[in-house]
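Visitor: One file is attached below, work08.cif, containing mmCIF, C-alpha atoms and all ligand atoms.
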```cif
data_work
loop_
_atom_site.group_PDB
_atom_site.id
_atom_site.type_symbol
_atom_site.label_atom_id
_atom_site.label_comp_id
_atom_site.auth_asym_id
_atom_site.auth_seq_id
_atom_site.Cartn_x
_atom_site.Cartn_y
_atom_site.Cartn_z
ATOM 1 C CA MET A 1 99.855 99.892 84.043
ATOM 2 C CA ILE A 2 96.897 100.897 86.201
ATOM 3 C CA VAL A 3 94.072 103.162 84.959
ATOM 4 C CA THR A 4 91.695 104.446 87.647
ATOM 5 C CA ILE A 5 88.085 105.444 86.944
ATOM 6 C CA ASP A 6 86.382 106.913 89.995
ATOM 7 C CA GLY A 7 83.074 108.746 90.268
ATOM 8 C CA VAL A 8 79.765 109.203 92.002
ATOM 9 C CA ALA A 9 77.096 106.479 92.243
ATOM 10 C CA ALA A 10 75.659 105.327 88.916
ATOM 11 C CA SER A 11 77.879 107.705 86.943
ATOM 12 C CA GLY A 12 78.778 104.859 84.591
ATOM 13 C CA LYS A 13 81.972 103.652 86.266
ATOM 14 C CA SER A 14 81.503 99.928 85.657
ATOM 15 C CA SER A 15 80.088 100.241 82.107
ATOM 16 C CA VAL A 16 82.818 102.677 81.098
ATOM 17 C CA SER A 17 85.579 100.685 82.821
ATOM 18 C CA SER A 18 84.434 97.529 81.088
ATOM 19 C CA GLY A 19 84.494 99.263 77.685
ATOM 20 C CA VAL A 20 87.921 100.789 78.293
ATOM 21 C CA ALA A 21 89.317 97.512 79.654
ATOM 22 C CA GLN A 22 88.025 95.541 76.656
ATOM 23 C CA ALA A 23 89.565 98.058 74.253
ATOM 24 C CA LEU A 24 92.890 97.785 76.079
ATOM 25 C CA GLY A 25 92.648 93.982 76.399
ATOM 26 C CA VAL A 26 93.034 94.036 80.207
ATOM 27 C CA PRO A 27 90.669 93.172 83.094
ATOM 28 C CA TYR A 28 88.777 95.784 85.064
ATOM 29 C CA VAL A 29 88.389 95.697 88.816
ATOM 30 C CA SER A 30 85.176 96.836 90.515
ATOM 31 C CA SER A 31 86.032 97.824 94.089
ATOM 32 C CA GLY A 32 82.393 98.646 94.907
ATOM 33 C CA LEU A 33 81.486 94.977 94.511
ATOM 34 C CA LEU A 34 83.649 94.074 97.507
ATOM 35 C CA TYR A 35 81.868 96.682 99.667
ATOM 36 C CA ARG A 36 78.585 95.336 98.354
ATOM 37 C CA ALA A 37 79.591 91.729 99.148
ATOM 38 C CA ALA A 38 80.511 92.677 102.732
ATOM 39 C CA THR A 39 77.127 94.411 103.054
ATOM 40 C CA LEU A 40 75.142 91.504 101.613
ATOM 41 C CA LEU A 41 76.825 88.996 103.904
ATOM 42 C CA GLY A 42 76.333 91.262 106.931
ATOM 43 C CA LEU A 43 72.644 91.643 106.126
ATOM 44 C CA GLU A 44 72.179 87.915 105.587
ATOM 45 C CA ALA A 45 73.811 87.230 108.960
ATOM 46 C CA SER A 46 71.617 89.933 110.595
ATOM 47 C CA LEU A 47 74.708 91.796 111.798
ATOM 48 C CA ASP A 48 74.745 95.424 112.904
ATOM 49 C CA LEU A 49 76.321 97.044 109.826
ATOM 50 C CA HIS A 50 77.832 99.813 111.968
ATOM 51 C CA ALA A 51 79.950 97.329 113.937
ATOM 52 C CA ALA A 52 83.146 96.250 112.189
ATOM 53 C CA PRO A 53 84.388 93.385 114.438
ATOM 54 C CA HIS A 54 81.599 90.895 113.660
ATOM 55 C CA LEU A 55 81.673 91.778 109.985
ATOM 56 C CA LEU A 56 85.439 91.282 109.821
ATOM 57 C CA THR A 57 85.151 87.943 111.621
ATOM 58 C CA LEU A 58 82.534 86.856 109.087
ATOM 59 C CA LEU A 59 84.710 87.953 106.153
ATOM 60 C CA GLY A 60 87.713 86.209 107.707
ATOM 61 C CA THR A 61 85.974 82.893 108.244
ATOM 62 C CA HIS A 62 84.090 82.918 104.900
ATOM 63 C CA PRO A 63 86.499 84.623 102.490
ATOM 64 C CA VAL A 64 85.147 86.592 99.545
ATOM 65 C CA ARG A 65 86.940 86.532 96.193
ATOM 66 C CA LEU A 66 86.701 89.085 93.390
ATOM 67 C CA GLU A 67 87.159 87.692 89.881
ATOM 68 C CA PRO A 68 88.127 90.628 87.624
ATOM 69 C CA LEU A 69 87.348 90.102 83.926
ATOM 70 C CA ALA A 70 87.239 92.636 81.078
ATOM 71 C CA GLY A 71 83.532 92.064 80.428
ATOM 72 C CA GLY A 72 82.310 92.070 84.034
ATOM 73 C CA ASN A 73 83.425 91.180 87.542
ATOM 74 C CA ARG A 74 82.167 88.206 89.508
ATOM 75 C CA VAL A 75 82.233 87.808 93.277
ATOM 76 C CA TRP A 76 82.429 84.484 95.063
ATOM 77 C CA GLN A 77 82.196 83.229 98.605
ATOM 78 C CA GLY A 78 83.565 79.705 98.327
ATOM 79 C CA GLU A 79 81.484 77.959 95.653
ATOM 80 C CA ARG A 80 78.601 80.455 95.980
ATOM 81 C CA GLU A 81 78.457 83.248 93.406
ATOM 82 C CA LEU A 82 77.225 86.497 95.012
ATOM 83 C CA THR A 83 77.354 88.720 91.896
ATOM 84 C CA ASP A 84 73.648 88.780 91.015
ATOM 85 C CA ASP A 85 72.627 89.657 94.584
ATOM 86 C CA LEU A 86 74.905 92.683 94.949
ATOM 87 C CA HIS A 87 72.817 95.386 93.239
ATOM 88 C CA SER A 88 69.573 95.072 95.196
ATOM 89 C CA THR A 89 67.930 98.105 96.806
ATOM 90 C CA ARG A 90 68.591 96.504 100.212
ATOM 91 C CA VAL A 91 72.344 96.357 99.561
ATOM 92 C CA ASP A 92 72.282 99.901 98.093
ATOM 93 C CA ARG A 93 70.734 101.172 101.340
ATOM 94 C CA GLY A 94 73.326 99.557 103.616
ATOM 95 C CA VAL A 95 76.537 99.765 101.614
ATOM 96 C CA SER A 96 77.552 103.331 102.529
ATOM 97 C CA VAL A 97 77.476 102.404 106.224
ATOM 98 C CA VAL A 98 79.758 99.433 105.633
ATOM 99 C CA ALA A 99 82.049 101.419 103.298
ATOM 100 C CA ALA A 100 82.573 104.000 106.060
ATOM 101 C CA LEU A 101 84.202 101.421 108.353
ATOM 102 C CA PRO A 102 88.028 101.811 108.245
ATOM 103 C CA GLU A 103 88.529 98.084 108.920
ATOM 104 C CA VAL A 104 86.391 97.146 105.929
ATOM 105 C CA ARG A 105 88.216 99.674 103.751
ATOM 106 C CA GLU A 106 91.521 98.042 104.753
ATOM 107 C CA TRP A 107 90.078 94.622 103.889
ATOM 108 C CA VAL A 108 89.042 95.842 100.415
ATOM 109 C CA ASP A 109 92.272 97.779 99.751
ATOM 110 C CA ALA A 110 94.450 94.759 100.619
ATOM 111 C CA GLN A 111 92.587 92.601 98.077
ATOM 112 C CA LEU A 112 92.884 95.237 95.360
ATOM 113 C CA ARG A 113 96.582 95.896 95.929
ATOM 114 C CA ALA A 114 97.295 92.157 95.646
ATOM 115 C CA LEU A 115 95.990 92.026 92.051
ATOM 116 C CA PRO A 116 98.494 91.661 89.207
ATOM 117 C CA GLU A 117 98.825 94.601 86.771
ATOM 118 C CA PRO A 118 97.726 95.686 84.206
ATOM 119 C CA PHE A 119 94.076 96.544 84.952
ATOM 120 C CA VAL A 120 91.462 99.298 85.032
ATOM 121 C CA ALA A 121 90.240 99.941 88.615
ATOM 122 C CA GLU A 122 86.916 101.649 89.312
ATOM 123 C CA GLY A 123 85.393 102.971 92.503
ATOM 124 C CA ARG A 124 85.603 106.085 94.652
ATOM 125 C CA ASP A 125 89.170 106.266 95.942
ATOM 126 C CA MET A 126 91.146 104.278 93.375
ATOM 127 C CA GLY A 127 93.106 107.331 92.181
ATOM 128 C CA THR A 128 93.460 109.010 95.572
ATOM 129 C CA ASN A 129 94.033 106.289 98.147
ATOM 130 C CA VAL A 130 94.436 102.805 96.704
ATOM 131 C CA PHE A 131 96.518 103.451 93.554
ATOM 132 C CA PRO A 132 97.868 107.024 93.884
ATOM 133 C CA HIS A 133 100.724 106.041 91.535
ATOM 134 C CA ALA A 134 98.321 105.034 88.685
ATOM 135 C CA SER A 135 99.481 106.255 85.287
ATOM 136 C CA HIS A 136 96.078 107.592 84.181
ATOM 137 C CA LYS A 137 93.184 108.783 86.343
ATOM 138 C CA PHE A 138 89.598 109.689 85.445
ATOM 139 C CA TYR A 139 86.575 110.841 87.463
ATOM 140 C CA LEU A 140 82.989 110.550 86.173
ATOM 141 C CA THR A 141 80.129 112.838 87.175
ATOM 142 C CA ALA A 142 76.563 113.544 85.996
ATOM 143 C CA SER A 143 73.569 115.177 87.633
ATOM 144 C CA ALA A 144 71.550 113.008 90.004
ATOM 145 C CA ARG A 145 68.541 113.303 87.673
ATOM 146 C CA ILE A 146 70.424 111.995 84.642
ATOM 147 C CA ARG A 147 71.924 109.149 86.655
ATOM 148 C CA ALA A 148 68.471 108.257 88.020
ATOM 149 C CA GLU A 149 66.965 108.259 84.531
ATOM 150 C CA ARG A 150 69.670 105.874 83.335
ATOM 151 C CA ARG A 151 69.266 103.583 86.340
ATOM 152 C CA ALA A 152 65.468 103.570 86.005
ATOM 153 C CA ARG A 153 65.917 101.684 82.731
ATOM 154 C CA GLU A 154 67.317 98.734 84.685
ATOM 155 C CA ARG A 155 65.267 98.804 87.917
ATOM 156 C CA PRO A 156 61.543 98.791 88.736
ATOM 157 C CA GLU A 157 61.596 101.966 90.924
ATOM 158 C CA ASP A 158 60.567 105.370 89.544
ATOM 159 C CA VAL A 159 63.033 108.172 88.718
ATOM 160 C CA PRO A 160 62.325 110.450 91.757
ATOM 161 C CA ALA A 161 62.811 107.549 94.207
ATOM 162 C CA ILE A 162 66.075 106.506 92.544
ATOM 163 C CA GLU A 163 67.265 110.135 92.405
ATOM 164 C CA ALA A 164 66.615 110.604 96.138
ATOM 165 C CA ALA A 165 68.479 107.378 96.959
ATOM 166 C CA LEU A 166 71.441 108.399 94.775
ATOM 167 C CA GLN A 167 71.622 111.833 96.427
ATOM 168 C CA ARG A 168 71.592 110.195 99.825
ATOM 169 C CA ARG A 169 74.384 107.806 98.835
ATOM 170 C CA ASP A 170 76.391 110.713 97.327
ATOM 171 C CA GLU A 171 76.200 112.487 100.698
ATOM 172 C CA LEU A 172 77.166 109.410 102.705
ATOM 173 C CA ASP A 173 80.071 108.596 100.355
ATOM 174 C CA THR A 174 81.417 112.178 100.189
ATOM 175 C CA VAL A 175 84.475 111.554 102.357
ATOM 176 C CA GLN A 176 86.058 108.945 100.082
ATOM 177 C CA SER A 177 84.667 110.302 96.803
ATOM 178 C CA ALA A 178 86.826 113.342 96.055
ATOM 179 C CA PRO A 179 88.523 113.314 92.635
ATOM 180 C CA ALA A 180 92.296 112.910 92.603
ATOM 181 C CA PRO A 181 93.955 116.268 91.842
ATOM 182 C CA ASP A 182 95.554 114.699 88.755
ATOM 183 C CA ALA A 183 92.330 113.056 87.464
ATOM 184 C CA LEU A 184 90.534 114.175 84.303
ATOM 185 C CA VAL A 185 86.950 114.955 85.402
ATOM 186 C CA ILE A 186 84.354 113.986 82.770
ATOM 187 C CA ASP A 187 80.750 115.188 82.927
ATOM 188 C CA THR A 188 79.003 112.213 81.290
ATOM 189 C CA GLY A 189 75.639 114.034 81.124
ATOM 190 C CA PRO A 190 75.967 115.145 77.475
ATOM 191 C CA LEU A 191 77.767 111.959 76.361
ATOM 192 C CA ASP A 192 76.520 108.492 75.540
ATOM 193 C CA LEU A 193 78.389 105.480 76.893
ATOM 194 C CA GLN A 194 80.645 105.095 73.854
ATOM 195 C CA GLY A 195 81.359 108.832 73.956
ATOM 196 C CA VAL A 196 82.743 108.519 77.502
ATOM 197 C CA ILE A 197 84.781 105.433 76.598
ATOM 198 C CA ASP A 198 86.214 107.202 73.519
ATOM 199 C CA THR A 199 87.122 110.298 75.566
ATOM 200 C CA ILE A 200 89.163 108.109 77.908
ATOM 201 C CA LEU A 201 90.765 106.025 75.136
ATOM 202 C CA THR A 202 91.778 109.207 73.282
ATOM 203 C CA ARG A 203 93.499 110.470 76.425
ATOM 204 C CA LEU A 204 95.246 107.109 76.913
ATOM 205 C CA ARG A 205 96.617 106.908 73.353
HETATM 206 N N1 LIG B 1 77.152 108.027 79.263
HETATM 207 C C1 LIG B 1 76.103 107.240 79.423
HETATM 208 N N2 LIG B 1 75.009 107.406 78.679
HETATM 209 C C2 LIG B 1 73.917 106.637 78.854
HETATM 210 N N3 LIG B 1 73.798 105.659 79.776
HETATM 211 C C3 LIG B 1 74.867 105.443 80.543
HETATM 212 C C4 LIG B 1 76.062 106.206 80.421
HETATM 213 N N4 LIG B 1 76.928 105.758 81.354
HETATM 214 C C5 LIG B 1 76.305 104.771 82.023
HETATM 215 N N5 LIG B 1 75.077 104.571 81.525
HETATM 216 C C6 LIG B 1 74.086 103.635 82.052
HETATM 217 O O1 LIG B 1 73.848 104.066 83.392
HETATM 218 C C7 LIG B 1 73.616 102.934 84.229
HETATM 219 C C8 LIG B 1 74.601 102.981 85.410
HETATM 220 O O2 LIG B 1 75.887 102.713 84.902
HETATM 221 P P1 LIG B 1 76.920 101.839 85.744
HETATM 222 O O3 LIG B 1 76.242 100.709 86.428
HETATM 223 O O4 LIG B 1 78.050 101.543 84.832
HETATM 224 O O5 LIG B 1 77.344 102.939 86.827
HETATM 225 P P2 LIG B 1 78.228 102.752 88.144
HETATM 226 O O6 LIG B 1 78.848 104.081 88.373
HETATM 227 O O7 LIG B 1 79.146 101.600 87.988
HETATM 228 O O8 LIG B 1 77.090 102.418 89.209
HETATM 229 P P3 LIG B 1 77.241 102.054 90.773
HETATM 230 O O9 LIG B 1 77.872 103.239 91.424
HETATM 231 O O10 LIG B 1 75.846 101.854 91.267
HETATM 232 O O11 LIG B 1 78.075 100.797 90.843
HETATM 233 C C9 LIG B 1 73.761 101.712 83.336
HETATM 234 O O12 LIG B 1 72.463 101.359 82.885
HETATM 235 C C10 LIG B 1 74.578 102.214 82.168
HETATM 236 O O13 LIG B 1 74.331 101.497 80.976
HETATM 237 N N1 LIG B 2 86.402 102.472 96.183
HETATM 238 C C1 LIG B 2 85.149 102.468 96.687
HETATM 239 C C2 LIG B 2 84.123 101.824 96.024
HETATM 240 C C3 LIG B 2 82.883 101.849 96.558
HETATM 241 N N2 LIG B 2 82.670 102.479 97.726
HETATM 242 C C4 LIG B 2 81.353 102.465 98.359
HETATM 243 C C5 LIG B 2 80.508 103.615 97.977
HETATM 244 C C6 LIG B 2 79.255 103.047 97.395
HETATM 245 O O1 LIG B 2 78.103 103.498 98.061
HETATM 246 C C7 LIG B 2 79.382 101.548 97.577
HETATM 247 C C8 LIG B 2 79.065 100.762 96.337
HETATM 248 O O2 LIG B 2 79.862 101.222 95.258
HETATM 249 P P1 LIG B 2 79.294 101.295 93.767
HETATM 250 O O3 LIG B 2 78.916 99.915 93.400
HETATM 251 O O4 LIG B 2 78.132 102.218 93.794
HETATM 252 O O5 LIG B 2 80.450 101.828 92.974
HETATM 253 O O6 LIG B 2 80.694 101.268 97.997
HETATM 254 C C9 LIG B 2 83.677 103.114 98.367
HETATM 255 O O7 LIG B 2 83.467 103.709 99.450
HETATM 256 N N3 LIG B 2 84.918 103.100 97.842
#
```
Here is the file; what I need is its structure written in the form of structure tokens.
Ligand SMILES: Nc1ncnc2c1ncn2[C@@H]1O[C@H](COP(=O)(O)OP(=O)(O)OP(=O)(O)O)[C@@H](O)[C@H]1O
Ligand SMILES: Nc1ccn([C@H]2C[C@H](O)[C@@H](COP(=O)(O)O)O2)c(=O)n1

Guide:
Amino acid sequence: MIVTIDGVAASGKSSVSSGVAQALGVPYVSSGLLYRAATLLGLEASLDLHAAPHLLTLLGTHPVRLEPLAGGNRVWQGERELTDDLHSTRVDRGVSVVAALPEVREWVDAQLRALPEPFVAEGRDMGTNVFPHASHKFYLTASARIRAERRARERPEDVPAIEAALQRRDELDTVQSAPAPDALVIDTGPLDLQGVIDTILTRLR
């Protein structure tokens, strides 16, 4: 069984996926972390993030591994854990450029499709492109202001700056962020985290 939870930036995908996965007793898979890892490594190597060949060579010679767990995903490059470095403002700024590269998307998709079922997969194109055959599909939205207010509780920047950055990322990610036609779209604005998780679990049961 595969459950897909897609949505716009900071719509609650990873928190909701973790809650749903824990309730189901399966791991969840955060596809965005692989795009973030590629971006972090490209930045650290001072690569041009618009140019796929060097990035792909780097990822080929220093493989990145996603460890999907119900409570949270971890990302490794060899013995080095990258997880805590993947949600910086610097990575946020560059990740949409890297995620637009078809070669990088193929690299991510191949890793995801190799994972053993069952799991909950979250991202942008889990229900449309990567797992179109998934049994249950969900898509999370909320206004940019609400998402920024939530994110401001975990980052030092102010709400207007976060909102502007989210809107910019929404625009850059538009191509791969359309909901699957058979996904249930959930506006998380009026719901708390548990409310979103319960909405999904009710649909699954
Ligand atoms: N329905 C909700 N009500 C209140 N807070 C929420 C809700 N959903 C998510 N949050 C909070 O919003 C923040 C962003 O959530 P989360 O990181 O899960 O989103 P995301 O879509 O995975 O983000 P990103 O796209 O950046 O990876 C977190 O602080 C989370 O606790
Ligand atoms: N399936 C996916 C997952 C993520 N992305 C891109 C879009 C985001 O800007 C970036 C980081 O994802 P997030 O951590 O915000 O979920 O990666 C994508 O294009 N496709």

Visitor: Can you tell me, as a PyMOL selection string, what residues are no more than 9 Å from Pro160 of chain A when counting only C-alpha atoms, ignoring any on the same chain fewer than 2 positions away?

Guide: chain A and resi 145+148-149+157-158+162-165

Visitor: Grab the atom CA of Val95 of chain A to atom CA of Ala21 of chain A distance for me, in Å with one decimal place.

Guide: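 Atom CA of Val95 of chain A sits 25.5 Å away from atom CA of Ala21 of chain A.
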
Visitor: Can you list, as a ChimeraX atom specification, every protein, DNA or RNA residue that comes within 8 Å of Val98 of chain A when you count only C-alpha atoms, leaving out same-chain residues fewer than 4 positions away?

Guide: /A:35,38-39,49-50,94,104

Visitor: Translate the PyMOL selection byres (((not hetatm)) within 9 of (chain B and resi 2)) into a concrete residue list for this structure, as a PyMOL selection string.

Guide: chain A and resi 6-11+13-14+30-36+86-87+91-100+105+108-109+121-126+129-130+166+169-170+172-177

Visitor: Ranking A:Leu69, A:Ala51, A:Leu59, A:Val16 by minimum distance to Val196 of chain A and counting all atoms listed in the file, which one comes first?

Guide: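 Answer, going by the shortest atom-to-atom distance: A:Val16.
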
Visitor: Got a sec: who's within 10 Å of Leu58 of chain A, counting all atoms listed in the file, leaving out chain neighbours fewer than 2 positions off, as a list in words?

Guide: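 Final neighbour list, sorted by chain and number: Ala38, Leu41, Gly42, Ala45, Leu47, Ala52, Pro53, His54, Leu55, Leu56, Gly60, Thr61, His62, Pro63 and Val64 of chain A.
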
Visitor: As a check of understanding, name the residues that the PyMOL selection byres (((chain A and resi 185-195) around 8) and not hetatm) selects in the supplied structure, as a list in words.

Guide: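 Residues picked by the PyMOL selection byres (((chain A and resi 185-195) around 8) and not hetatm): Ser11, Gly12, Ser15, Val16, Gly19, Phe138, Tyr139, Leu140, Thr141, Ala142, Ser143, Ile146, Pro179, Ala183, Leu184, Val196, Ile197, Asp198 and Thr199 of chain A.
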
Visitor: Please supply segment 63-86 of chain A, rebuilt with N, CA, C and O atoms, as a PDB file, keeping the file's coordinate frame.

Guide:
```
ATOM      1  N   PRO A  63      85.857  83.655 103.381  1.00  0.00           N
ATOM      2  CA  PRO A  63      86.499  84.623 102.490  1.00  0.00           C
ATOM      3  C   PRO A  63      85.730  84.883 101.197  1.00  0.00           C
ATOM      4  O   PRO A  63      85.113  83.979 100.619  1.00  0.00           O
ATOM      5  N   VAL A  64      85.803  86.141 100.777  1.00  0.00           N
ATOM      6  CA  VAL A  64      85.147  86.592  99.545  1.00  0.00           C
ATOM      7  C   VAL A  64      86.234  86.811  98.497  1.00  0.00           C
ATOM      8  O   VAL A  64      87.306  87.320  98.804  1.00  0.00           O
ATOM      9  N   ARG A  65      85.946  86.413  97.267  1.00  0.00           N
ATOM     10  CA  ARG A  65      86.940  86.532  96.193  1.00  0.00           C
ATOM     11  C   ARG A  65      86.348  87.303  95.018  1.00  0.00           C
ATOM     12  O   ARG A  65      85.232  87.008  94.573  1.00  0.00           O
ATOM     13  N   LEU A  66      87.112  88.312  94.567  1.00  0.00           N
ATOM     14  CA  LEU A  66      86.701  89.085  93.390  1.00  0.00           C
ATOM     15  C   LEU A  66      87.388  88.502  92.169  1.00  0.00           C
ATOM     16  O   LEU A  66      88.604  88.283  92.177  1.00  0.00           O
ATOM     17  N   GLU A  67      86.593  88.221  91.124  1.00  0.00           N
ATOM     18  CA  GLU A  67      87.159  87.692  89.881  1.00  0.00           C
ATOM     19  C   GLU A  67      87.079  88.795  88.819  1.00  0.00           C
ATOM     20  O   GLU A  67      86.012  89.026  88.243  1.00  0.00           O
ATOM     21  N   PRO A  68      88.179  89.517  88.587  1.00  0.00           N
ATOM     22  CA  PRO A  68      88.127  90.628  87.624  1.00  0.00           C
ATOM     23  C   PRO A  68      88.266  90.122  86.187  1.00  0.00           C
ATOM     24  O   PRO A  68      89.227  89.442  85.869  1.00  0.00           O
ATOM     25  N   LEU A  69      87.309  90.467  85.340  1.00  0.00           N
ATOM     26  CA  LEU A  69      87.348  90.102  83.926  1.00  0.00           C
ATOM     27  C   LEU A  69      87.085  91.379  83.139  1.00  0.00           C
ATOM     28  O   LEU A  69      86.516  92.332  83.684  1.00  0.00           O
ATOM     29  N   ALA A  70      87.465  91.408  81.856  1.00  0.00           N
ATOM     30  CA  ALA A  70      87.239  92.636  81.078  1.00  0.00           C
ATOM     31  C   ALA A  70      85.746  92.912  80.907  1.00  0.00           C
ATOM     32  O   ALA A  70      85.294  94.050  80.958  1.00  0.00           O
ATOM     33  N   GLY A  71      84.952  91.877  80.709  1.00  0.00           N
ATOM     34  CA  GLY A  71      83.532  92.064  80.428  1.00  0.00           C
ATOM     35  C   GLY A  71      82.658  92.285  81.649  1.00  0.00           C
ATOM     36  O   GLY A  71      81.534  92.770  81.542  1.00  0.00           O
ATOM     37  N   GLY A  72      83.122  91.926  82.826  1.00  0.00           N
ATOM     38  CA  GLY A  72      82.310  92.070  84.034  1.00  0.00           C
ATOM     39  C   GLY A  72      82.989  91.344  85.171  1.00  0.00           C
ATOM     40  O   GLY A  72      83.703  90.373  84.929  1.00  0.00           O
ATOM     41  N   ASN A  73      82.792  91.823  86.383  1.00  0.00           N
ATOM     42  CA  ASN A  73      83.425  91.180  87.542  1.00  0.00           C
ATOM     43  C   ASN A  73      82.448  90.216  88.191  1.00  0.00           C
ATOM     44  O   ASN A  73      81.236  90.420  88.161  1.00  0.00           O
ATOM     45  N   ARG A  74      83.013  89.143  88.754  1.00  0.00           N
ATOM     46  CA  ARG A  74      82.167  88.206  89.508  1.00  0.00           C
ATOM     47  C   ARG A  74      82.723  88.118  90.924  1.00  0.00           C
ATOM     48  O   ARG A  74      83.927  88.278  91.147  1.00  0.00           O
ATOM     49  N   VAL A  75      81.820  87.891  91.875  1.00  0.00           N
ATOM     50  CA  VAL A  75      82.233  87.808  93.277  1.00  0.00           C
ATOM     51  C   VAL A  75      81.770  86.472  93.840  1.00  0.00           C
ATOM     52  O   VAL A  75      80.618  86.070  93.631  1.00  0.00           O
ATOM     53  N   TRP A  76      82.694  85.826  94.535  1.00  0.00           N
ATOM     54  CA  TRP A  76      82.429  84.484  95.063  1.00  0.00           C
ATOM     55  C   TRP A  76      82.666  84.438  96.561  1.00  0.00           C
ATOM     56  O   TRP A  76      83.561  85.107  97.084  1.00  0.00           O
ATOM     57  N   GLN A  77      81.879  83.626  97.235  1.00  0.00           N
ATOM     58  CA  GLN A  77      82.196  83.229  98.605  1.00  0.00           C
ATOM     59  C   GLN A  77      82.233  81.703  98.571  1.00  0.00           C
ATOM     60  O   GLN A  77      81.177  81.053  98.481  1.00  0.00           O
ATOM     61  N   GLY A  78      83.444  81.139  98.556  1.00  0.00           N
ATOM     62  CA  GLY A  78      83.565  79.705  98.327  1.00  0.00           C
ATOM     63  C   GLY A  78      82.989  79.364  96.962  1.00  0.00           C
ATOM     64  O   GLY A  78      83.306  80.000  95.963  1.00  0.00           O
ATOM     65  N   GLU A  79      82.102  78.394  96.909  1.00  0.00           N
ATOM     66  CA  GLU A  79      81.484  77.959  95.653  1.00  0.00           C
ATOM     67  C   GLU A  79      80.261  78.794  95.299  1.00  0.00           C
ATOM     68  O   GLU A  79      79.703  78.662  94.217  1.00  0.00           O
ATOM     69  N   ARG A  80      79.822  79.674  96.226  1.00  0.00           N
ATOM     70  CA  ARG A  80      78.601  80.455  95.980  1.00  0.00           C
ATOM     71  C   ARG A  80      78.936  81.738  95.224  1.00  0.00           C
ATOM     72  O   ARG A  80      79.780  82.525  95.678  1.00  0.00           O
ATOM     73  N   GLU A  81      78.249  81.982  94.106  1.00  0.00           N
ATOM     74  CA  GLU A  81      78.457  83.248  93.406  1.00  0.00           C
ATOM     75  C   GLU A  81      77.485  84.289  93.957  1.00  0.00           C
ATOM     76  O   GLU A  81      76.265  84.079  94.000  1.00  0.00           O
ATOM     77  N   LEU A  82      78.036  85.444  94.391  1.00  0.00           N
ATOM     78  CA  LEU A  82      77.225  86.497  95.012  1.00  0.00           C
ATOM     79  C   LEU A  82      76.803  87.569  94.001  1.00  0.00           C
ATOM     80  O   LEU A  82      75.921  88.383  94.291  1.00  0.00           O
ATOM     81  N   THR A  83      77.445  87.585  92.828  1.00  0.00           N
ATOM     82  CA  THR A  83      77.354  88.720  91.896  1.00  0.00           C
ATOM     83  C   THR A  83      75.923  89.234  91.682  1.00  0.00           C
ATOM     84  O   THR A  83      75.667  90.442  91.795  1.00  0.00           O
ATOM     85  N   ASP A  84      74.998  88.338  91.377  1.00  0.00           N
ATOM     86  CA  ASP A  84      73.648  88.780  91.015  1.00  0.00           C
ATOM     87  C   ASP A  84      72.876  89.372  92.191  1.00  0.00           C
ATOM     88  O   ASP A  84      71.838  90.006  91.998  1.00  0.00           O
ATOM     89  N   ASP A  85      73.349  89.154  93.402  1.00  0.00           N
ATOM     90  CA  ASP A  85      72.627  89.657  94.584  1.00  0.00           C
ATOM     91  C   ASP A  85      73.186  90.993  95.083  1.00  0.00           C
ATOM     92  O   ASP A  85      72.715  91.518  96.092  1.00  0.00           O
ATOM     93  N   LEU A  86      74.185  91.541  94.381  1.00  0.00           N
ATOM     94  CA  LEU A  86      74.905  92.683  94.949  1.00  0.00           C
ATOM     95  C   LEU A  86      74.313  94.044  94.586  1.00  0.00           C
ATOM     96  O   LEU A  86      74.712  95.062  95.150  1.00  0.00           O
TER      97      LEU A  86
END
```
